[in-house]
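**Q** File follows, upload-v6.tsv with TSV, C-alpha atoms:
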```
chain	number	residue	atom	x	y	z
H	1	MET	CA	124.21	127.56	129.15
H	2	ASN	CA	124.94	130.41	126.71
H	3	GLN	CA	122.57	131.56	123.97
H	4	TYR	CA	124.31	129.52	121.26
H	5	SER	CA	124.09	126.26	123.22
H	6	GLN	CA	120.49	127.10	124.22
H	7	THR	CA	119.61	127.52	120.55
H	8	GLU	CA	121.31	124.22	119.66
H	9	GLU	CA	119.42	122.43	122.44
H	10	ALA	CA	116.08	123.94	121.42
H	11	ILE	CA	116.64	122.93	117.78
H	12	LYS	CA	117.62	119.39	118.80
H	13	ARG	CA	114.42	118.99	120.82
H	14	TRP	CA	112.22	120.36	118.03
H	15	ASN	CA	113.81	118.06	115.47
H	16	HIS	CA	113.11	115.11	117.77
H	17	PHE	CA	109.52	116.25	118.41
H	18	ALA	CA	108.73	117.29	114.81
H	19	ASP	CA	106.90	114.15	113.65
H	20	THR	CA	104.75	113.96	116.79
H	21	TYR	CA	104.00	117.69	116.52
H	22	ALA	CA	103.08	117.43	112.83
H	23	ALA	CA	100.78	114.48	113.50
H	24	GLN	CA	98.69	116.77	115.73
H	25	HIS	CA	98.23	119.33	112.92
H	26	THR	CA	95.50	119.43	110.30
H	27	GLU	CA	95.27	122.08	107.58
H	28	GLN	CA	94.04	124.43	110.33
H	29	GLY	CA	96.95	123.60	112.63
H	30	ASP	CA	96.30	122.14	116.08
H	31	LEU	CA	93.18	122.83	118.15
H	32	HIS	CA	94.53	125.95	119.85
H	33	LYS	CA	95.56	127.43	116.51
H	34	GLU	CA	92.15	126.66	115.02
H	35	VAL	CA	90.20	128.10	117.96
H	36	PHE	CA	92.33	131.05	119.08
H	37	LEU	CA	95.17	132.01	116.79
H	38	ASN	CA	94.02	131.55	113.20
H	39	PRO	CA	90.94	133.82	113.46
H	40	THR	CA	93.03	136.56	115.10
H	41	LEU	CA	96.01	136.26	112.74
H	42	LEU	CA	93.87	136.18	109.60
H	43	SER	CA	91.86	139.19	110.77
H	44	LEU	CA	95.01	141.20	111.51
H	45	MET	CA	96.61	140.23	108.17
H	46	GLY	CA	93.73	141.30	105.97
H	47	THR	CA	94.15	140.63	102.24
H	48	VAL	CA	97.44	138.92	101.38
H	49	LYS	CA	96.91	138.48	97.62
H	50	ASN	CA	100.13	139.27	95.71
H	51	LYS	CA	101.95	140.26	98.92
H	52	HIS	CA	105.41	138.92	99.68
H	53	VAL	CA	105.00	137.13	103.02
H	54	LEU	CA	107.51	135.48	105.34
H	55	ASP	CA	106.26	132.68	107.60
H	56	ALA	CA	108.97	133.02	110.26
H	57	GLY	CA	109.09	129.66	112.03
H	58	CYS	CA	106.71	127.77	109.77
H	59	GLY	CA	106.72	124.40	111.55
H	60	GLU	CA	104.92	121.82	109.40
H	61	GLY	CA	103.71	124.57	107.11
H	62	TYR	CA	99.94	124.80	107.64
H	63	LEU	CA	99.91	128.61	107.80
H	64	SER	CA	102.19	128.89	104.75
H	65	ARG	CA	99.69	126.77	102.82
H	66	ILE	CA	96.76	128.94	103.96
H	67	LEU	CA	98.67	132.04	102.83
H	68	ALA	CA	99.65	130.51	99.49
H	69	ASN	CA	96.06	129.42	98.88
H	70	SER	CA	95.14	133.10	99.39
H	71	GLU	CA	97.55	133.97	96.54
H	72	ALA	CA	100.40	135.35	98.64
H	73	HIS	CA	104.02	134.86	97.56
H	74	VAL	CA	105.27	132.86	100.54
H	75	THR	CA	108.76	132.25	101.89
H	76	ALA	CA	108.84	129.93	104.91
H	77	VAL	CA	111.73	129.30	107.30
H	78	ASP	CA	112.22	127.09	110.32
H	79	TYR	CA	115.26	126.20	112.40
H	80	SER	CA	114.19	122.55	112.55
H	81	SER	CA	115.42	120.75	109.43
H	82	ARG	CA	112.90	117.96	110.08
H	83	MET	CA	110.02	120.46	110.17
H	84	ILE	CA	111.09	121.80	106.78
H	85	GLU	CA	111.16	118.26	105.36
H	86	ILE	CA	107.62	117.61	106.67
H	87	ALA	CA	106.36	120.98	105.41
H	88	LYS	CA	107.71	120.29	101.91
H	89	GLY	CA	106.11	116.87	101.93
H	90	ARG	CA	102.71	118.29	102.91
H	91	THR	CA	102.72	121.06	100.30
H	92	PRO	CA	101.04	120.41	96.94
H	93	GLN	CA	103.22	121.26	93.93
H	94	HIS	CA	100.83	123.93	92.67
H	95	LEU	CA	101.39	126.07	95.79
H	96	SER	CA	104.19	128.58	95.41
H	97	ILE	CA	106.03	128.32	98.75
H	98	GLU	CA	109.79	128.70	99.03
H	99	TYR	CA	110.90	126.69	102.06
H	100	LYS	CA	114.29	127.44	103.60
H	101	HIS	CA	116.09	125.97	106.60
H	102	GLY	CA	117.03	128.91	108.79
H	103	ASN	CA	116.94	130.36	112.30
H	104	CYS	CA	114.89	133.55	112.74
H	105	GLU	CA	117.74	134.92	114.85
H	106	ASP	CA	119.91	135.09	111.72
H	107	LEU	CA	118.37	135.07	108.23
H	108	ASP	CA	121.29	136.65	106.39
H	109	PHE	CA	120.50	134.60	103.26
H	110	LEU	CA	117.38	136.77	102.80
H	111	GLY	CA	117.81	140.27	101.38
H	112	ASP	CA	116.84	143.53	103.09
H	113	GLU	CA	113.31	144.94	102.72
H	114	ARG	CA	112.06	141.84	100.93
H	115	PHE	CA	108.66	141.31	102.57
H	116	ASP	CA	105.39	143.23	102.86
H	117	LEU	CA	104.27	141.07	105.77
H	118	ILE	CA	105.96	138.77	108.28
H	119	ILE	CA	103.98	136.28	110.37
H	120	SER	CA	105.58	134.44	113.28
H	121	ASN	CA	103.08	132.08	114.89
H	122	MET	CA	104.08	130.73	118.33
H	123	VAL	CA	107.82	130.96	117.61
H	124	ILE	CA	109.45	133.91	119.44
H	125	GLN	CA	109.18	132.11	122.80
H	126	ASP	CA	111.36	129.32	121.31
H	127	LEU	CA	114.26	131.69	120.56
H	128	PRO	CA	116.88	132.60	123.18
H	129	ASN	CA	118.06	135.66	121.20
H	130	PHE	CA	114.69	137.25	120.56
H	131	GLU	CA	116.25	140.74	120.27
H	132	LYS	CA	118.23	139.59	117.22
H	133	ALA	CA	115.09	137.97	115.78
H	134	PHE	CA	113.18	141.26	116.09
H	135	GLN	CA	116.07	143.08	114.39
H	136	GLU	CA	115.98	140.56	111.55
H	137	MET	CA	112.22	140.97	111.10
H	138	TYR	CA	112.67	144.76	110.98
H	139	ARG	CA	115.47	144.45	108.40
H	140	LEU	CA	113.45	142.15	106.17
H	141	LEU	CA	110.32	144.32	106.04
H	142	VAL	CA	109.67	147.04	103.50
H	143	ASP	CA	108.91	150.48	104.92
H	144	GLY	CA	105.31	150.39	106.11
H	145	GLY	CA	105.36	146.59	106.24
H	146	CYS	CA	103.71	144.66	109.08
H	147	PHE	CA	105.10	142.17	111.57
H	148	ILE	CA	102.49	140.02	113.32
H	149	PHE	CA	103.51	137.49	115.94
H	150	SER	CA	101.80	135.32	118.53
H	151	ILE	CA	103.27	133.89	121.73
H	152	LEU	CA	102.11	132.26	124.93
H	153	HIS	CA	100.81	135.09	127.11
H	154	PRO	CA	103.80	135.96	129.32
H	155	CYS	CA	101.60	137.27	132.14
H	156	PHE	CA	99.78	133.96	132.57
H	157	ILE	CA	102.02	131.25	131.10
H	158	THR	CA	105.11	131.47	133.29
H	159	PRO	CA	107.78	128.96	134.39
H	160	GLU	CA	105.50	128.03	137.31
H	161	SER	CA	101.86	128.26	136.23
H	162	GLY	CA	98.94	125.86	136.15
H	163	TRP	CA	95.50	125.04	137.49
H	164	GLU	CA	94.84	124.85	141.21
H	165	LYS	CA	92.51	121.87	141.57
H	166	THR	CA	90.42	120.23	144.27
H	167	THR	CA	91.18	116.63	145.23
H	168	ASP	CA	88.50	115.46	142.78
H	169	GLY	CA	90.00	117.47	139.92
H	170	GLU	CA	87.75	120.55	139.82
H	171	LYS	CA	89.62	123.58	138.49
H	172	LEU	CA	89.53	126.35	141.11
H	173	HIS	CA	91.77	129.02	139.57
H	174	TRP	CA	94.89	129.48	137.46
H	175	ASN	CA	98.12	129.96	139.42
H	176	VAL	CA	100.94	132.20	138.15
H	177	ASP	CA	104.42	132.36	139.69
H	178	HIS	CA	107.96	133.50	138.81
H	179	TYR	CA	106.67	136.11	136.37
H	180	PHE	CA	109.80	138.28	136.67
H	181	TYR	CA	112.15	135.38	135.93
H	182	GLU	CA	113.54	135.84	132.42
H	183	GLY	CA	115.27	132.94	130.72
H	184	ALA	CA	114.95	129.30	129.75
H	185	TYR	CA	112.51	126.82	131.25
H	186	GLU	CA	111.05	123.49	130.22
H	187	GLN	CA	107.42	122.93	129.27
H	188	ARG	CA	105.86	119.57	128.58
H	189	LEU	CA	104.42	119.05	125.10
H	190	GLY	CA	102.89	115.80	124.01
H	191	GLU	CA	103.24	112.68	126.16
H	192	THR	CA	106.87	112.83	127.21
H	193	GLU	CA	108.62	115.70	125.41
H	194	ARG	CA	109.90	118.67	127.38
H	195	MET	CA	110.55	121.63	125.13
H	196	LEU	CA	112.87	124.50	125.93
H	197	LEU	CA	110.99	127.80	126.12
H	198	PHE	CA	112.18	131.30	126.99
H	199	HIS	CA	110.15	133.54	129.27
H	200	ARG	CA	110.23	137.36	129.23
H	201	THR	CA	107.98	139.93	130.82
H	202	LEU	CA	105.50	141.98	128.82
H	203	THR	CA	107.64	145.04	129.59
H	204	THR	CA	110.71	143.40	128.05
H	205	TYR	CA	108.83	142.45	124.89
H	206	LEU	CA	107.32	145.90	124.36
H	207	ASN	CA	110.45	147.88	125.18
H	208	THR	CA	112.56	145.68	122.90
H	209	LEU	CA	110.11	146.11	120.02
H	210	ILE	CA	110.13	149.90	120.50
H	211	LYS	CA	113.93	149.97	120.73
H	212	THR	CA	114.12	147.96	117.48
H	213	GLY	CA	112.10	150.66	115.73
H	214	PHE	CA	108.69	149.06	115.42
H	215	VAL	CA	105.49	151.06	115.85
H	216	LEU	CA	102.77	149.19	117.75
H	217	ASP	CA	99.55	148.93	115.75
H	218	CYS	CA	97.51	146.74	118.11
H	219	ILE	CA	97.55	143.88	120.59
H	220	GLU	CA	94.98	141.08	120.76
H	221	GLU	CA	94.36	138.49	123.49
H	222	PRO	CA	92.41	135.81	121.58
H	223	LYS	CA	89.39	134.13	123.10
H	224	PRO	CA	87.05	131.53	121.60
H	225	SER	CA	84.19	132.74	119.42
H	226	LYS	CA	80.61	131.53	119.89
H	227	GLU	CA	81.01	129.36	116.79
H	228	MET	CA	84.14	127.73	118.17
H	229	LEU	CA	82.50	127.14	121.57
H	230	LYS	CA	79.65	125.31	119.84
H	231	LYS	CA	82.23	123.10	118.13
H	232	TYR	CA	84.54	122.74	121.16
H	233	PRO	CA	82.57	123.45	124.40
H	234	SER	CA	85.54	122.62	126.66
H	235	PHE	CA	87.20	125.91	125.68
H	236	GLU	CA	84.67	127.79	127.85
H	237	GLU	CA	87.34	127.72	130.59
H	238	ASP	CA	89.56	129.93	128.45
H	239	PHE	CA	87.47	132.97	129.37
H	240	ARG	CA	89.07	132.73	132.82
H	241	CYS	CA	92.53	133.90	131.66
H	242	ALA	CA	94.36	134.49	128.40
H	243	ASP	CA	96.61	131.76	126.98
H	244	PHE	CA	97.97	133.78	124.06
H	245	ILE	CA	98.80	137.32	123.02
H	246	VAL	CA	99.20	138.61	119.45
H	247	PHE	CA	101.11	141.75	118.44
H	248	LYS	CA	100.75	143.68	115.19
H	249	LEU	CA	103.59	146.11	114.47
H	250	LYS	CA	104.62	148.33	111.59
H	251	LYS	CA	107.99	149.38	110.25
H	252	GLY	CA	108.25	153.13	109.94
H	253	HIS	CA	106.04	155.96	111.19
```
Could you quickly redo this structure as structure tokens?
**A**
Amino acid sequence: MNQYSQTEEAIKRWNHFADTYAAQHTEQGDLHKEVFLNPTLLSLMGTVKNKHVLDAGCGEGYLSRILANSEAHVTAVDYSSRMIEIAKGRTPQHLSIEYKHGNCEDLDFLGDERFDLIISNMVIQDLPNFEKAFQEMYRLLVDGGCFIFSILHPCFITPESGWEKTTDGEKLHWNVDHYFYEGAYEQRLGETERMLLFHRTLTTYLNTLIKTGFVLDCIEEPKPSKEMLKKYPSFEEDFRCADFIVFKLKKGH
């Protein structure tokens, strides 16, 4: 399966899954976004008031709405046409968000150096041509602009990973396998859906970002705060290994 057909298949599955996915999202996203990703992303973003921000792979739009409520000028794109429909339907008229149907691998309808900040929340792993997506993010940023993106942690979430359990279900440890495999694999989301994801090593991600021209500002591996553990005690197990990794990069030197 070539990259074009992989992209078409991934889009088809996300369109089919969009309503189920959106039903799991509140105005803080799903549970993992609320507990792990939002606190990290918002901290790394800082003040967004009056900034031109691209939500690259907006899904049902919760993060775009958070940004717009913080007085950012938001453009939001997603390669799933159904996600864009849902996002528009969930967005109050007073929020200034420009939604566009588009694949982050090719956003030629957006002009060069248009954004101060680009956020891509749990999207890059859904793109077969991630190199082209990074090039597009670089093109779209102003000099000195920031690109922040989160993905499943490639060192721990691999094509063959999961809990090793006892016969009565006790979690012993987290197994990782096939780390150096790079390419498509299926991961179950929801009850029956199997989404197409694309695994790369940490080395591949970092070297591609450097080759694109980005300067690494910082990396975060989110873990639950004390406040979140009080609210959701089951996330205590997430101190055993990292589920996510977040990169903050800058354009220019």
**Q** Find the nearest atom pair between each residue of stretch 6-34 of chain H and stretch 120-134 of chain H for residues within 8 Å, count all atoms listed in the file, give distances in Å to one decimal, sort rows by chain and ascending number, and present the table as a Markdown table.
**A**
```
| residue | atom | partner | partner_atom | distance |
| --- | --- | --- | --- | --- |
| H:Gln6 | CA | H:Pro128 | CA | 6.7 |
| H:Thr7 | CA | H:Pro128 | CA | 6.3 |
| H:Ala10 | CA | H:Asp126 | CA | 7.2 |
```
**Q** Now that the selection is made, can you save its residues with C-alpha atoms as a PDB file, keeping the file's coordinate frame?
**A**
```pdb
ATOM      1  CA  GLN H   6     120.490 127.100 124.220  1.00  0.00           C
ATOM      2  CA  THR H   7     119.610 127.520 120.550  1.00  0.00           C
ATOM      3  CA  ALA H  10     116.080 123.940 121.420  1.00  0.00           C
TER       4      ALA H  10
END
```
**Q** Looking at all atoms listed in the file, which of H:Asp177, H:Glu236, H:Glu136, H:Glu193 is the one that sits closest to H:His16?
**A**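 Among the listed residues, the smallest separation from H:His16 belongs to H:Glu193.
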**Q** Taking 6 positions as the minimum chain separation for residues in the same chain, which residues sit within 10 Å of H:Asp112 when counting all atoms listed in the file? Answer as a PyMOL selection string.
**A** chain H and resi 136-142
**Q** Which residue out of H:Asp168, H:Asp19, H:Glu227, H:Glu221 has the minimum interatomic distance to H:Gly59 when all atoms listed in the file are used?
**A**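 With all atoms listed in the file as the atom set, the closest residue is H:Asp19.
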**Q** Using all atoms listed in the file, can you tell me which of H:Ser80, H:Ser150, H:Thr203, H:Asn50 comes closest to H:Leu37?
**A** H:Ser150
**Q** For stretch 24-31 of chain H, I'd like the enclosing box, axis-aligned and padded by 8 Å on every side, reported as lines of an AutoDock Vina configuration file with centre and edge lengths in Å to one decimal.
**A**
```
center_x = 95.9
center_y = 120.6
center_z = 112.9
size_x = 21.5
size_y = 23.7
size_z = 26.6
```
**Q** Given the choices H:Ile210, H:Leu229, H:Leu41, H:Ile119, which gets closest to H:Thr75 if the distance is worked out from all atoms listed in the file?
**A** H:Ile119
**Q** H:Val35, H:Val176, H:Leu42, H:Ala18: which is nearest H:Tyr79, counting all atoms listed in the file?
**A**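 So, comparing all the options, the nearest one is H:Ala18.
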**Q** Counting only C-alpha atoms, which residues sit no farther than 12 Å from the position (95.9, 134.9, 118.3) in the file's frame? I'd like them as a PDB file with C-alpha atoms, keeping the file's coordinate frame.
**A**
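Below is the file that was written, result.pdb:
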```pdb
ATOM      1  CA  HIS H  32      94.530 125.950 119.850  1.00  0.00           C
ATOM      2  CA  LYS H  33      95.560 127.430 116.510  1.00  0.00           C
ATOM      3  CA  GLU H  34      92.150 126.660 115.020  1.00  0.00           C
ATOM      4  CA  VAL H  35      90.200 128.100 117.960  1.00  0.00           C
ATOM      5  CA  PHE H  36      92.330 131.050 119.080  1.00  0.00           C
ATOM      6  CA  LEU H  37      95.170 132.010 116.790  1.00  0.00           C
ATOM      7  CA  ASN H  38      94.020 131.550 113.200  1.00  0.00           C
ATOM      8  CA  PRO H  39      90.940 133.820 113.460  1.00  0.00           C
ATOM      9  CA  THR H  40      93.030 136.560 115.100  1.00  0.00           C
ATOM     10  CA  LEU H  41      96.010 136.260 112.740  1.00  0.00           C
ATOM     11  CA  LEU H  42      93.870 136.180 109.600  1.00  0.00           C
ATOM     12  CA  SER H  43      91.860 139.190 110.770  1.00  0.00           C
ATOM     13  CA  LEU H  44      95.010 141.200 111.510  1.00  0.00           C
ATOM     14  CA  MET H  45      96.610 140.230 108.170  1.00  0.00           C
ATOM     15  CA  ILE H 119     103.980 136.280 110.370  1.00  0.00           C
ATOM     16  CA  SER H 120     105.580 134.440 113.280  1.00  0.00           C
ATOM     17  CA  ASN H 121     103.080 132.080 114.890  1.00  0.00           C
ATOM     18  CA  MET H 122     104.080 130.730 118.330  1.00  0.00           C
ATOM     19  CA  ILE H 148     102.490 140.020 113.320  1.00  0.00           C
ATOM     20  CA  PHE H 149     103.510 137.490 115.940  1.00  0.00           C
ATOM     21  CA  SER H 150     101.800 135.320 118.530  1.00  0.00           C
ATOM     22  CA  ILE H 151     103.270 133.890 121.730  1.00  0.00           C
ATOM     23  CA  LEU H 152     102.110 132.260 124.930  1.00  0.00           C
ATOM     24  CA  HIS H 153     100.810 135.090 127.110  1.00  0.00           C
ATOM     25  CA  CYS H 218      97.510 146.740 118.110  1.00  0.00           C
ATOM     26  CA  ILE H 219      97.550 143.880 120.590  1.00  0.00           C
ATOM     27  CA  GLU H 220      94.980 141.080 120.760  1.00  0.00           C
ATOM     28  CA  GLU H 221      94.360 138.490 123.490  1.00  0.00           C
ATOM     29  CA  PRO H 222      92.410 135.810 121.580  1.00  0.00           C
ATOM     30  CA  LYS H 223      89.390 134.130 123.100  1.00  0.00           C
ATOM     31  CA  PRO H 224      87.050 131.530 121.600  1.00  0.00           C
ATOM     32  CA  SER H 225      84.190 132.740 119.420  1.00  0.00           C
ATOM     33  CA  ALA H 242      94.360 134.490 128.400  1.00  0.00           C
ATOM     34  CA  ASP H 243      96.610 131.760 126.980  1.00  0.00           C
ATOM     35  CA  PHE H 244      97.970 133.780 124.060  1.00  0.00           C
ATOM     36  CA  ILE H 245      98.800 137.320 123.020  1.00  0.00           C
ATOM     37  CA  VAL H 246      99.200 138.610 119.450  1.00  0.00           C
ATOM     38  CA  PHE H 247     101.110 141.750 118.440  1.00  0.00           C
ATOM     39  CA  LYS H 248     100.750 143.680 115.190  1.00  0.00           C
TER      40      LYS H 248
END
```
